[in-house]
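K.L.:
Dropping in upload_8.cif, which is mmCIF, N, CA and C atoms:
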data_structure
#
loop_
_atom_site.group_PDB
_atom_site.id
_atom_site.type_symbol
_atom_site.label_atom_id
_atom_site.label_comp_id
_atom_site.auth_asym_id
_atom_site.auth_seq_id
_atom_site.Cartn_x
_atom_site.Cartn_y
_atom_site.Cartn_z
ATOM 1 N N MET X 276 0.840 -1.179 0.000
ATOM 2 C CA MET X 276 0.000 0.000 0.000
ATOM 3 C C MET X 276 0.886 1.244 0.000
ATOM 4 N N ALA X 277 0.650 2.140 -0.942
ATOM 5 C CA ALA X 277 1.403 3.393 -1.026
ATOM 6 C C ALA X 277 0.922 4.342 0.063
ATOM 7 N N SER X 278 1.840 5.149 0.552
ATOM 8 C CA SER X 278 1.499 6.096 1.603
ATOM 9 C C SER X 278 1.822 7.500 1.120
ATOM 10 N N ASP X 279 0.795 8.332 1.031
ATOM 11 C CA ASP X 279 0.976 9.714 0.605
ATOM 12 C C ASP X 279 1.236 10.600 1.813
ATOM 13 N N THR X 280 1.831 11.741 1.543
ATOM 14 C CA THR X 280 1.971 12.773 2.561
ATOM 15 C C THR X 280 0.881 13.795 2.304
ATOM 16 N N ILE X 281 0.141 14.140 3.344
ATOM 17 C CA ILE X 281 -0.946 15.101 3.195
ATOM 18 C C ILE X 281 -0.678 16.329 4.054
ATOM 19 N N ALA X 282 -1.247 17.450 3.633
ATOM 20 C CA ALA X 282 -1.173 18.699 4.389
ATOM 21 C C ALA X 282 -2.583 19.268 4.459
ATOM 22 N N ALA X 283 -2.960 19.740 5.638
ATOM 23 C CA ALA X 283 -4.301 20.292 5.814
ATOM 24 C C ALA X 283 -4.311 21.269 6.984
ATOM 25 N N ILE X 284 -5.272 22.180 6.933
ATOM 26 C CA ILE X 284 -5.500 23.088 8.053
ATOM 27 C C ILE X 284 -6.302 22.315 9.095
ATOM 28 N N SER X 285 -5.815 22.285 10.320
ATOM 29 C CA SER X 285 -6.429 21.469 11.373
ATOM 30 C C SER X 285 -7.352 22.245 12.299
ATOM 31 N N THR X 286 -7.377 23.548 12.186
ATOM 32 C CA THR X 286 -8.226 24.363 13.051
ATOM 33 C C THR X 286 -9.484 24.765 12.287
ATOM 34 N N PRO X 287 -10.573 25.057 12.999
ATOM 35 C CA PRO X 287 -11.805 25.430 12.312
ATOM 36 C C PRO X 287 -11.659 26.764 11.581
ATOM 37 N N PRO X 288 -12.443 26.943 10.512
ATOM 38 C CA PRO X 288 -12.367 28.215 9.781
ATOM 39 C C PRO X 288 -12.839 29.377 10.655
ATOM 40 N N GLY X 289 -12.363 30.556 10.298
ATOM 41 C CA GLY X 289 -12.741 31.750 11.047
ATOM 42 C C GLY X 289 -11.522 32.424 11.629
ATOM 43 N N GLU X 290 -11.766 33.457 12.363
ATOM 44 C CA GLU X 290 -10.684 34.218 12.974
ATOM 45 C C GLU X 290 -10.366 33.650 14.346
ATOM 46 N N GLY X 291 -9.100 33.435 14.583
ATOM 47 C CA GLY X 291 -8.637 32.946 15.878
ATOM 48 C C GLY X 291 -7.206 33.393 16.077
ATOM 49 N N GLY X 292 -6.720 33.291 17.270
ATOM 50 C CA GLY X 292 -5.363 33.724 17.571
ATOM 51 C C GLY X 292 -4.303 32.835 16.953
ATOM 52 N N ILE X 293 -4.564 31.521 16.940
ATOM 53 C CA ILE X 293 -3.601 30.544 16.446
ATOM 54 C C ILE X 293 -4.303 29.603 15.478
ATOM 55 N N SER X 294 -3.619 29.239 14.406
ATOM 56 C CA SER X 294 -4.079 28.203 13.483
ATOM 57 C C SER X 294 -3.026 27.114 13.436
ATOM 58 N N ILE X 295 -3.459 25.903 13.113
ATOM 59 C CA ILE X 295 -2.533 24.781 12.983
ATOM 60 C C ILE X 295 -2.646 24.206 11.583
ATOM 61 N N VAL X 296 -1.489 24.066 10.930
ATOM 62 C CA VAL X 296 -1.399 23.378 9.645
ATOM 63 C C VAL X 296 -0.624 22.095 9.920
ATOM 64 N N ARG X 297 -1.205 20.951 9.544
ATOM 65 C CA ARG X 297 -0.596 19.661 9.859
ATOM 66 C C ARG X 297 -0.151 18.939 8.588
ATOM 67 N N LEU X 298 1.049 18.390 8.655
ATOM 68 C CA LEU X 298 1.587 17.505 7.618
ATOM 69 C C LEU X 298 1.657 16.110 8.208
ATOM 70 N N SER X 299 1.264 15.104 7.430
ATOM 71 C CA SER X 299 1.314 13.732 7.915
ATOM 72 C C SER X 299 1.710 12.816 6.772
ATOM 73 N N GLY X 300 2.713 11.966 7.014
ATOM 74 C CA GLY X 300 3.148 11.012 6.005
ATOM 75 C C GLY X 300 4.656 10.930 5.924
ATOM 76 N N PRO X 301 5.154 10.087 5.025
ATOM 77 C CA PRO X 301 6.590 9.816 4.971
ATOM 78 C C PRO X 301 7.462 11.013 4.588
ATOM 79 N N GLU X 302 6.911 12.009 3.909
ATOM 80 C CA GLU X 302 7.687 13.180 3.488
ATOM 81 C C GLU X 302 7.417 14.417 4.344
ATOM 82 N N ALA X 303 6.649 14.275 5.410
ATOM 83 C CA ALA X 303 6.236 15.428 6.218
ATOM 84 C C ALA X 303 7.424 16.230 6.743
ATOM 85 N N ILE X 304 8.410 15.567 7.294
ATOM 86 C CA ILE X 304 9.544 16.278 7.893
ATOM 87 C C ILE X 304 10.400 16.930 6.816
ATOM 88 N N ARG X 305 10.611 16.244 5.701
ATOM 89 C CA ARG X 305 11.399 16.814 4.605
ATOM 90 C C ARG X 305 10.705 18.051 4.030
ATOM 91 N N ILE X 306 9.391 17.982 3.846
ATOM 92 C CA ILE X 306 8.636 19.123 3.313
ATOM 93 C C ILE X 306 8.718 20.306 4.278
ATOM 94 N N ALA X 307 8.521 20.046 5.563
ATOM 95 C CA ALA X 307 8.619 21.122 6.561
ATOM 96 C C ALA X 307 10.007 21.744 6.544
ATOM 97 N N ASP X 308 11.025 20.916 6.395
ATOM 98 C CA ASP X 308 12.409 21.399 6.362
ATOM 99 C C ASP X 308 12.643 22.374 5.204
ATOM 100 N N SER X 309 11.888 22.207 4.122
ATOM 101 C CA SER X 309 12.093 23.059 2.939
ATOM 102 C C SER X 309 11.524 24.467 3.101
ATOM 103 N N VAL X 310 10.611 24.664 4.059
ATOM 104 C CA VAL X 310 9.986 25.985 4.229
ATOM 105 C C VAL X 310 10.196 26.594 5.612
ATOM 106 N N PHE X 311 10.754 25.837 6.542
ATOM 107 C CA PHE X 311 10.933 26.312 7.918
ATOM 108 C C PHE X 311 12.363 26.771 8.140
ATOM 109 N N ARG X 312 12.509 27.986 8.698
ATOM 110 C CA ARG X 312 13.821 28.520 9.067
ATOM 111 C C ARG X 312 13.849 28.699 10.582
ATOM 112 N N PRO X 313 14.523 27.784 11.280
ATOM 113 C CA PRO X 313 14.553 27.882 12.740
ATOM 114 C C PRO X 313 15.369 29.073 13.209
ATOM 115 N N ALA X 314 15.061 29.555 14.396
ATOM 116 C CA ALA X 314 15.828 30.665 14.976
ATOM 117 C C ALA X 314 17.263 30.233 15.253
ATOM 118 N N ARG X 315 17.453 28.966 15.575
ATOM 119 C CA ARG X 315 18.794 28.407 15.783
ATOM 120 C C ARG X 315 19.071 27.399 14.674
ATOM 121 N N PRO X 316 20.179 27.523 13.957
ATOM 122 C CA PRO X 316 20.470 26.648 12.811
ATOM 123 C C PRO X 316 20.482 25.154 13.138
ATOM 124 N N ASP X 317 20.769 24.781 14.373
ATOM 125 C CA ASP X 317 20.814 23.360 14.737
ATOM 126 C C ASP X 317 19.427 22.776 15.022
ATOM 127 N N LYS X 318 18.390 23.553 14.835
ATOM 128 C CA LYS X 318 17.031 23.108 15.140
ATOM 129 C C LYS X 318 16.185 22.851 13.888
ATOM 130 N N LYS X 319 16.808 22.461 12.791
ATOM 131 C CA LYS X 319 16.053 22.125 11.579
ATOM 132 C C LYS X 319 15.179 20.902 11.854
ATOM 133 N N PRO X 320 13.997 20.816 11.236
ATOM 134 C CA PRO X 320 13.100 19.684 11.485
ATOM 135 C C PRO X 320 13.752 18.313 11.293
ATOM 136 N N THR X 321 14.662 18.201 10.357
ATOM 137 C CA THR X 321 15.312 16.912 10.120
ATOM 138 C C THR X 321 16.280 16.527 11.233
ATOM 139 N N HIS X 322 16.644 17.480 12.103
ATOM 140 C CA HIS X 322 17.637 17.215 13.142
ATOM 141 C C HIS X 322 17.091 17.179 14.568
ATOM 142 N N VAL X 323 15.872 17.641 14.785
ATOM 143 C CA VAL X 323 15.355 17.689 16.157
ATOM 144 C C VAL X 323 14.784 16.341 16.586
ATOM 145 N N ARG X 324 14.739 16.150 17.902
ATOM 146 C CA ARG X 324 14.150 14.929 18.450
ATOM 147 C C ARG X 324 12.637 14.947 18.268
ATOM 148 N N SER X 325 12.056 13.769 18.330
ATOM 149 C CA SER X 325 10.608 13.631 18.237
ATOM 150 C C SER X 325 9.923 14.306 19.419
ATOM 151 N N HIS X 326 8.733 14.815 19.149
ATOM 152 C CA HIS X 326 7.881 15.435 20.153
ATOM 153 C C HIS X 326 8.544 16.658 20.784
ATOM 154 N N THR X 327 9.137 17.472 19.923
ATOM 155 C CA THR X 327 9.728 18.736 20.357
ATOM 156 C C THR X 327 9.084 19.881 19.594
ATOM 157 N N ILE X 328 9.192 21.072 20.145
ATOM 158 C CA ILE X 328 8.657 22.279 19.517
ATOM 159 C C ILE X 328 9.814 23.233 19.272
ATOM 160 N N THR X 329 9.836 23.813 18.069
ATOM 161 C CA THR X 329 10.923 24.707 17.675
ATOM 162 C C THR X 329 10.348 26.026 17.177
ATOM 163 N N TYR X 330 10.949 27.128 17.601
ATOM 164 C CA TYR X 330 10.552 28.472 17.166
ATOM 165 C C TYR X 330 11.298 28.839 15.884
ATOM 166 N N GLY X 331 10.585 29.504 14.971
ATOM 167 C CA GLY X 331 11.221 29.982 13.745
ATOM 168 C C GLY X 331 10.214 30.661 12.834
ATOM 169 N N HIS X 332 10.499 30.632 11.538
ATOM 170 C CA HIS X 332 9.657 31.289 10.535
ATOM 171 C C HIS X 332 9.381 30.347 9.369
ATOM 172 N N ILE X 333 8.198 30.500 8.792
ATOM 173 C CA ILE X 333 7.913 29.856 7.513
ATOM 174 C C ILE X 333 8.330 30.852 6.448
ATOM 175 N N VAL X 334 9.133 30.380 5.498
ATOM 176 C CA VAL X 334 9.714 31.235 4.467
ATOM 177 C C VAL X 334 9.403 30.641 3.098
ATOM 178 N N ASP X 335 8.997 31.495 2.167
ATOM 179 C CA ASP X 335 8.818 31.059 0.781
ATOM 180 C C ASP X 335 10.204 30.755 0.220
ATOM 181 N N PRO X 336 10.482 29.502 -0.152
ATOM 182 C CA PRO X 336 11.836 29.161 -0.603
ATOM 183 C C PRO X 336 12.239 29.823 -1.922
ATOM 184 N N GLN X 337 11.270 30.240 -2.736
ATOM 185 C CA GLN X 337 11.598 30.887 -4.011
ATOM 186 C C GLN X 337 11.949 32.356 -3.837
ATOM 187 N N SER X 338 11.169 33.069 -3.021
ATOM 188 C CA SER X 338 11.401 34.509 -2.854
ATOM 189 C C SER X 338 12.187 34.834 -1.584
ATOM 190 N N ASN X 339 12.327 33.859 -0.700
ATOM 191 C CA ASN X 339 12.970 34.041 0.603
ATOM 192 C C ASN X 339 12.181 34.999 1.504
ATOM 193 N N GLN X 340 10.910 35.226 1.188
ATOM 194 C CA GLN X 340 10.043 36.107 1.969
ATOM 195 C C GLN X 340 9.489 35.358 3.183
ATOM 196 N N ILE X 341 9.549 36.001 4.346
ATOM 197 C CA ILE X 341 8.972 35.419 5.555
ATOM 198 C C ILE X 341 7.453 35.493 5.450
ATOM 199 N N ILE X 342 6.798 34.352 5.652
ATOM 200 C CA ILE X 342 5.340 34.290 5.620
ATOM 201 C C ILE X 342 4.764 34.509 7.012
ATOM 202 N N ASP X 343 5.358 33.849 8.028
ATOM 203 C CA ASP X 343 4.854 34.009 9.394
ATOM 204 C C ASP X 343 5.874 33.490 10.402
ATOM 205 N N GLU X 344 5.729 33.973 11.608
ATOM 206 C CA GLU X 344 6.494 33.514 12.762
ATOM 207 C C GLU X 344 5.711 32.340 13.363
ATOM 208 N N VAL X 345 6.362 31.192 13.573
ATOM 209 C CA VAL X 345 5.639 29.979 13.939
ATOM 210 C C VAL X 345 6.343 29.179 15.033
ATOM 211 N N LEU X 346 5.598 28.237 15.581
ATOM 212 C CA LEU X 346 6.144 27.158 16.400
ATOM 213 C C LEU X 346 5.894 25.871 15.623
ATOM 214 N N LEU X 347 6.922 25.060 15.475
ATOM 215 C CA LEU X 347 6.827 23.846 14.677
ATOM 216 C C LEU X 347 7.054 22.628 15.572
ATOM 217 N N SER X 348 6.113 21.693 15.537
ATOM 218 C CA SER X 348 6.212 20.453 16.314
ATOM 219 C C SER X 348 6.544 19.303 15.377
ATOM 220 N N VAL X 349 7.540 18.509 15.745
ATOM 221 C CA VAL X 349 7.916 17.325 14.972
ATOM 222 C C VAL X 349 7.616 16.099 15.820
ATOM 223 N N MET X 350 6.839 15.183 15.248
ATOM 224 C CA MET X 350 6.523 13.922 15.922
ATOM 225 C C MET X 350 6.847 12.785 14.954
ATOM 226 N N ARG X 351 7.785 11.970 15.329
ATOM 227 C CA ARG X 351 8.292 10.928 14.434
ATOM 228 C C ARG X 351 7.556 9.596 14.627
ATOM 229 N N ALA X 352 7.359 8.924 13.488
ATOM 230 C CA ALA X 352 6.772 7.585 13.495
ATOM 231 C C ALA X 352 7.725 6.636 14.213
ATOM 232 N N PRO X 353 7.235 5.614 14.801
ATOM 233 C CA PRO X 353 5.840 5.169 14.882
ATOM 234 C C PRO X 353 5.116 5.684 16.123
ATOM 235 N N TYR X 354 5.672 6.681 16.791
ATOM 236 C CA TYR X 354 5.122 7.136 18.070
ATOM 237 C C TYR X 354 4.142 8.287 17.903
ATOM 238 N N THR X 355 3.220 8.137 16.944
ATOM 239 C CA THR X 355 2.168 9.122 16.709
ATOM 240 C C THR X 355 0.840 8.386 16.595
ATOM 241 N N TYR X 356 -0.240 9.140 16.635
ATOM 242 C CA TYR X 356 -1.577 8.545 16.557
ATOM 243 C C TYR X 356 -1.765 7.753 15.267
ATOM 244 N N THR X 357 -1.236 8.270 14.156
ATOM 245 C CA THR X 357 -1.381 7.603 12.856
ATOM 246 C C THR X 357 -0.221 6.661 12.549
ATOM 247 N N ARG X 358 0.797 6.637 13.419
ATOM 248 C CA ARG X 358 2.017 5.851 13.223
ATOM 249 C C ARG X 358 2.826 6.354 12.029
ATOM 250 N N GLU X 359 2.571 7.598 11.607
ATOM 251 C CA GLU X 359 3.324 8.247 10.531
ATOM 252 C C GLU X 359 4.063 9.447 11.114
ATOM 253 N N ASP X 360 5.063 9.956 10.367
ATOM 254 C CA ASP X 360 5.682 11.223 10.744
ATOM 255 C C ASP X 360 4.625 12.320 10.661
ATOM 256 N N ILE X 361 4.617 13.194 11.657
ATOM 257 C CA ILE X 361 3.673 14.314 11.679
ATOM 258 C C ILE X 361 4.432 15.588 12.034
ATOM 259 N N VAL X 362 4.101 16.665 11.329
ATOM 260 C CA VAL X 362 4.616 17.991 11.652
ATOM 261 C C VAL X 362 3.411 18.904 11.806
ATOM 262 N N GLU X 363 3.369 19.643 12.898
ATOM 263 C CA GLU X 363 2.319 20.634 13.099
ATOM 264 C C GLU X 363 2.953 22.013 13.123
ATOM 265 N N ILE X 364 2.401 22.907 12.309
ATOM 266 C CA ILE X 364 2.862 24.290 12.238
ATOM 267 C C ILE X 364 1.822 25.149 12.943
ATOM 268 N N ASN X 365 2.197 25.730 14.078
ATOM 269 C CA ASN X 365 1.321 26.636 14.814
ATOM 270 C C ASN X 365 1.655 28.055 14.368
ATOM 271 N N CYS X 366 0.739 28.648 13.607
ATOM 272 C CA CYS X 366 0.971 29.977 13.034
ATOM 273 C C CYS X 366 -0.075 30.948 13.571
ATOM 274 N N HIS X 367 0.047 32.209 13.185
ATOM 275 C CA HIS X 367 -0.966 33.187 13.558
ATOM 276 C C HIS X 367 -2.281 32.826 12.877
ATOM 277 N N GLY X 368 -3.386 33.097 13.554
ATOM 278 C CA GLY X 368 -4.693 32.707 13.065
ATOM 279 C C GLY X 368 -5.175 33.548 11.896
ATOM 280 N N GLY X 369 -6.232 33.061 11.286
ATOM 281 C CA GLY X 369 -6.843 33.748 10.161
ATOM 282 C C GLY X 369 -6.628 32.996 8.864
ATOM 283 N N ALA X 370 -7.503 33.260 7.921
ATOM 284 C CA ALA X 370 -7.513 32.512 6.664
ATOM 285 C C ALA X 370 -6.324 32.812 5.760
ATOM 286 N N ILE X 371 -5.847 34.037 5.729
ATOM 287 C CA ILE X 371 -4.806 34.420 4.764
ATOM 288 C C ILE X 371 -3.478 33.745 5.069
ATOM 289 N N VAL X 372 -3.021 33.838 6.299
ATOM 290 C CA VAL X 372 -1.724 33.248 6.658
ATOM 291 C C VAL X 372 -1.760 31.737 6.496
ATOM 292 N N THR X 373 -2.817 31.096 6.994
ATOM 293 C CA THR X 373 -2.877 29.636 6.899
ATOM 294 C C THR X 373 -2.945 29.178 5.453
ATOM 295 N N ALA X 374 -3.673 29.899 4.611
ATOM 296 C CA ALA X 374 -3.742 29.534 3.193
ATOM 297 C C ALA X 374 -2.381 29.689 2.516
ATOM 298 N N LYS X 375 -1.642 30.746 2.848
ATOM 299 C CA LYS X 375 -0.305 30.936 2.271
ATOM 300 C C LYS X 375 0.629 29.801 2.667
ATOM 301 N N ILE X 376 0.583 29.415 3.933
ATOM 302 C CA ILE X 376 1.437 28.313 4.393
ATOM 303 C C ILE X 376 1.041 27.015 3.703
ATOM 304 N N LEU X 377 -0.243 26.729 3.634
ATOM 305 C CA LEU X 377 -0.707 25.507 2.973
ATOM 306 C C LEU X 377 -0.291 25.484 1.509
ATOM 307 N N ASP X 378 -0.362 26.629 0.837
ATOM 308 C CA ASP X 378 0.057 26.709 -0.573
ATOM 309 C C ASP X 378 1.537 26.376 -0.752
ATOM 310 N N LEU X 379 2.378 26.737 0.210
ATOM 311 C CA LEU X 379 3.812 26.434 0.115
ATOM 312 C C LEU X 379 4.091 24.943 0.229
ATOM 313 N N LEU X 380 3.214 24.244 0.934
ATOM 314 C CA LEU X 380 3.439 22.834 1.190
ATOM 315 C C LEU X 380 2.983 21.995 0.015
#
In structure tokens, what does this structure look like?
P.N.:
Amino acid sequence: MASDTIAAISTPPGEGGISIVRLSGPEAIRIADSVFRPARPDKKPTHVRSHTITYGHIVDPQSNQIIDEVLLSVMRAPYTYTREDIVEINCHGGAIVTAKILDLL
């Protein structure tokens, strides 16, 4: 059985202080690594321990433009609810920022 990596907004629509964008699947950590710039260079998603939270920014890799200031959670398989790698991006709430982040993924 093939396993896809999916990305979706996990919080309800509308205005809120925080939104969560979740990646789940075998490429979740690699995809997050391509758009996340940690505040400390040693805290890239591919290098952090499972079930940790890292502060940084989501950046458009083509323009190098900062999209939002975020907290990124990395949870490695098989120690997750779905038994897959999961990355959660906690960003500022609202439809525009979350849609921009989802589009990058």
K.L.:
Quick one: DSSP helix (DSSP H, G or I) residues in chain X, as a ChimeraX atom specification?
P.N.:
/X:303-310,316-318,370-379
K.L.:
For those residues, write N, CA and C atoms to a file as a compact mmCIF listing (two decimals), in the frame of the given file.
P.N.:
# COMPACT_ATOMS: atom_id res chain seq x y z
N ALA X 303 6.65 14.28 5.41
CA ALA X 303 6.24 15.43 6.22
C ALA X 303 7.42 16.23 6.74
N ILE X 304 8.41 15.57 7.29
CA ILE X 304 9.54 16.28 7.89
C ILE X 304 10.40 16.93 6.82
N ARG X 305 10.61 16.24 5.70
CA ARG X 305 11.40 16.81 4.61
C ARG X 305 10.70 18.05 4.03
N ILE X 306 9.39 17.98 3.85
CA ILE X 306 8.64 19.12 3.31
C ILE X 306 8.72 20.31 4.28
N ALA X 307 8.52 20.05 5.56
CA ALA X 307 8.62 21.12 6.56
C ALA X 307 10.01 21.74 6.54
N ASP X 308 11.02 20.92 6.40
CA ASP X 308 12.41 21.40 6.36
C ASP X 308 12.64 22.37 5.20
N SER X 309 11.89 22.21 4.12
CA SER X 309 12.09 23.06 2.94
C SER X 309 11.52 24.47 3.10
N VAL X 310 10.61 24.66 4.06
CA VAL X 310 9.99 25.98 4.23
C VAL X 310 10.20 26.59 5.61
N PRO X 316 20.18 27.52 13.96
CA PRO X 316 20.47 26.65 12.81
C PRO X 316 20.48 25.15 13.14
N ASP X 317 20.77 24.78 14.37
CA ASP X 317 20.81 23.36 14.74
C ASP X 317 19.43 22.78 15.02
N LYS X 318 18.39 23.55 14.84
CA LYS X 318 17.03 23.11 15.14
C LYS X 318 16.18 22.85 13.89
N ALA X 370 -7.50 33.26 7.92
CA ALA X 370 -7.51 32.51 6.66
C ALA X 370 -6.32 32.81 5.76
N ILE X 371 -5.85 34.04 5.73
CA ILE X 371 -4.81 34.42 4.76
C ILE X 371 -3.48 33.74 5.07
N VAL X 372 -3.02 33.84 6.30
CA VAL X 372 -1.72 33.25 6.66
C VAL X 372 -1.76 31.74 6.50
N THR X 373 -2.82 31.10 6.99
CA THR X 373 -2.88 29.64 6.90
C THR X 373 -2.94 29.18 5.45
N ALA X 374 -3.67 29.90 4.61
CA ALA X 374 -3.74 29.53 3.19
C ALA X 374 -2.38 29.69 2.52
N LYS X 375 -1.64 30.75 2.85
CA LYS X 375 -0.30 30.94 2.27
C LYS X 375 0.63 29.80 2.67
N ILE X 376 0.58 29.42 3.93
CA ILE X 376 1.44 28.31 4.39
C ILE X 376 1.04 27.02 3.70
N LEU X 377 -0.24 26.73 3.63
CA LEU X 377 -0.71 25.51 2.97
C LEU X 377 -0.29 25.48 1.51
N ASP X 378 -0.36 26.63 0.84
CA ASP X 378 0.06 26.71 -0.57
C ASP X 378 1.54 26.38 -0.75
N LEU X 379 2.38 26.74 0.21
CA LEU X 379 3.81 26.43 0.12
C LEU X 379 4.09 24.94 0.23
K.L.:
List the neighbours of stretch 289-296 of chain X out to 7 Å using only N, CA and C atoms; skip same-chain residues closer than 3 positions along the sequence, and give me the result as a PDB file with N, CA and C atoms, keeping the file's coordinate frame.
P.N.:
ATOM      1  N   ALA X 282      -1.247  17.450   3.633  1.00  0.00           N
ATOM      2  CA  ALA X 282      -1.173  18.699   4.389  1.00  0.00           C
ATOM      3  C   ALA X 282      -2.583  19.268   4.459  1.00  0.00           C
ATOM      4  N   ALA X 283      -2.960  19.740   5.638  1.00  0.00           N
ATOM      5  CA  ALA X 283      -4.301  20.292   5.814  1.00  0.00           C
ATOM      6  C   ALA X 283      -4.311  21.269   6.984  1.00  0.00           C
ATOM      7  N   ILE X 284      -5.272  22.180   6.933  1.00  0.00           N
ATOM      8  CA  ILE X 284      -5.500  23.088   8.053  1.00  0.00           C
ATOM      9  C   ILE X 284      -6.302  22.315   9.095  1.00  0.00           C
ATOM     10  N   SER X 285      -5.815  22.285  10.320  1.00  0.00           N
ATOM     11  CA  SER X 285      -6.429  21.469  11.373  1.00  0.00           C
ATOM     12  C   SER X 285      -7.352  22.245  12.299  1.00  0.00           C
ATOM     13  N   THR X 286      -7.377  23.548  12.186  1.00  0.00           N
ATOM     14  CA  THR X 286      -8.226  24.363  13.051  1.00  0.00           C
ATOM     15  C   THR X 286      -9.484  24.765  12.287  1.00  0.00           C
ATOM     16  N   VAL X 362       4.101  16.665  11.329  1.00  0.00           N
ATOM     17  CA  VAL X 362       4.616  17.991  11.652  1.00  0.00           C
ATOM     18  C   VAL X 362       3.411  18.904  11.806  1.00  0.00           C
ATOM     19  N   GLU X 363       3.369  19.643  12.898  1.00  0.00           N
ATOM     20  CA  GLU X 363       2.319  20.634  13.099  1.00  0.00           C
ATOM     21  C   GLU X 363       2.953  22.013  13.123  1.00  0.00           C
ATOM     22  N   ILE X 364       2.401  22.907  12.309  1.00  0.00           N
ATOM     23  CA  ILE X 364       2.862  24.290  12.238  1.00  0.00           C
ATOM     24  C   ILE X 364       1.822  25.149  12.943  1.00  0.00           C
ATOM     25  N   ASN X 365       2.197  25.730  14.078  1.00  0.00           N
ATOM     26  CA  ASN X 365       1.321  26.636  14.814  1.00  0.00           C
ATOM     27  C   ASN X 365       1.655  28.055  14.368  1.00  0.00           C
ATOM     28  N   CYS X 366       0.739  28.648  13.607  1.00  0.00           N
ATOM     29  CA  CYS X 366       0.971  29.977  13.034  1.00  0.00           C
ATOM     30  C   CYS X 366      -0.075  30.948  13.571  1.00  0.00           C
ATOM     31  N   HIS X 367       0.047  32.209  13.185  1.00  0.00           N
ATOM     32  CA  HIS X 367      -0.966  33.187  13.558  1.00  0.00           C
ATOM     33  C   HIS X 367      -2.281  32.826  12.877  1.00  0.00           C
ATOM     34  N   GLY X 368      -3.386  33.097  13.554  1.00  0.00           N
ATOM     35  CA  GLY X 368      -4.693  32.707  13.065  1.00  0.00           C
ATOM     36  C   GLY X 368      -5.175  33.548  11.896  1.00  0.00           C
ATOM     37  N   GLY X 369      -6.232  33.061  11.286  1.00  0.00           N
ATOM     38  CA  GLY X 369      -6.843  33.748  10.161  1.00  0.00           C
ATOM     39  C   GLY X 369      -6.628  32.996   8.864  1.00  0.00           C
ATOM     40  N   ALA X 370      -7.503  33.260   7.921  1.00  0.00           N
ATOM     41  CA  ALA X 370      -7.513  32.512   6.664  1.00  0.00           C
ATOM     42  C   ALA X 370      -6.324  32.812   5.760  1.00  0.00           C
ATOM     43  N   THR X 373      -2.817  31.096   6.994  1.00  0.00           N
ATOM     44  CA  THR X 373      -2.877  29.636   6.899  1.00  0.00           C
ATOM     45  C   THR X 373      -2.945  29.178   5.453  1.00  0.00           C
ATOM     46  N   LEU X 377      -0.243  26.729   3.634  1.00  0.00           N
ATOM     47  CA  LEU X 377      -0.707  25.507   2.973  1.00  0.00           C
ATOM     48  C   LEU X 377      -0.291  25.484   1.509  1.00  0.00           C
TER      49      LEU X 377
END
K.L.:
Where does the PyMOL selection byres ((chain X and resi 329-338) around 5) land in this file, that is, which residues does it pick, as JSON, numbers by chain?
P.N.:
{"X": [310, 311, 312, 313, 314, 327, 328, 339, 340, 341, 342, 343, 344, 345, 346, 347, 348]}
K.L.:
For X:Ile306, work out the shell of residues within 10 Å, counting only C-alpha atoms and skipping chain neighbours fewer than 3 positions away, then give it as a ChimeraX atom specification.
P.N.:
/X:280,282,298,301-303,309-311,320-321,362,379-380
K.L.:
Would you export the selected residues with N, CA and C atoms as an mmCIF file, keeping the file's coordinate frame, please?
P.N.:
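Writing the result to result19.cif gives the following:
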data_model
loop_
_atom_site.group_PDB
_atom_site.id
_atom_site.type_symbol
_atom_site.label_atom_id
_atom_site.label_comp_id
_atom_site.auth_asym_id
_atom_site.auth_seq_id
_atom_site.Cartn_x
_atom_site.Cartn_y
_atom_site.Cartn_z
ATOM 1 N N THR X 280 1.831 11.741 1.543
ATOM 2 C CA THR X 280 1.971 12.773 2.561
ATOM 3 C C THR X 280 0.881 13.795 2.304
ATOM 4 N N ALA X 282 -1.247 17.450 3.633
ATOM 5 C CA ALA X 282 -1.173 18.699 4.389
ATOM 6 C C ALA X 282 -2.583 19.268 4.459
ATOM 7 N N LEU X 298 1.049 18.390 8.655
ATOM 8 C CA LEU X 298 1.587 17.505 7.618
ATOM 9 C C LEU X 298 1.657 16.110 8.208
ATOM 10 N N PRO X 301 5.154 10.087 5.025
ATOM 11 C CA PRO X 301 6.590 9.816 4.971
ATOM 12 C C PRO X 301 7.462 11.013 4.588
ATOM 13 N N GLU X 302 6.911 12.009 3.909
ATOM 14 C CA GLU X 302 7.687 13.180 3.488
ATOM 15 C C GLU X 302 7.417 14.417 4.344
ATOM 16 N N ALA X 303 6.649 14.275 5.410
ATOM 17 C CA ALA X 303 6.236 15.428 6.218
ATOM 18 C C ALA X 303 7.424 16.230 6.743
ATOM 19 N N SER X 309 11.888 22.207 4.122
ATOM 20 C CA SER X 309 12.093 23.059 2.939
ATOM 21 C C SER X 309 11.524 24.467 3.101
ATOM 22 N N VAL X 310 10.611 24.664 4.059
ATOM 23 C CA VAL X 310 9.986 25.985 4.229
ATOM 24 C C VAL X 310 10.196 26.594 5.612
ATOM 25 N N PHE X 311 10.754 25.837 6.542
ATOM 26 C CA PHE X 311 10.933 26.312 7.918
ATOM 27 C C PHE X 311 12.363 26.771 8.140
ATOM 28 N N PRO X 320 13.997 20.816 11.236
ATOM 29 C CA PRO X 320 13.100 19.684 11.485
ATOM 30 C C PRO X 320 13.752 18.313 11.293
ATOM 31 N N THR X 321 14.662 18.201 10.357
ATOM 32 C CA THR X 321 15.312 16.912 10.120
ATOM 33 C C THR X 321 16.280 16.527 11.233
ATOM 34 N N VAL X 362 4.101 16.665 11.329
ATOM 35 C CA VAL X 362 4.616 17.991 11.652
ATOM 36 C C VAL X 362 3.411 18.904 11.806
ATOM 37 N N LEU X 379 2.378 26.737 0.210
ATOM 38 C CA LEU X 379 3.812 26.434 0.115
ATOM 39 C C LEU X 379 4.091 24.943 0.229
ATOM 40 N N LEU X 380 3.214 24.244 0.934
ATOM 41 C CA LEU X 380 3.439 22.834 1.190
ATOM 42 C C LEU X 380 2.983 21.995 0.015
#
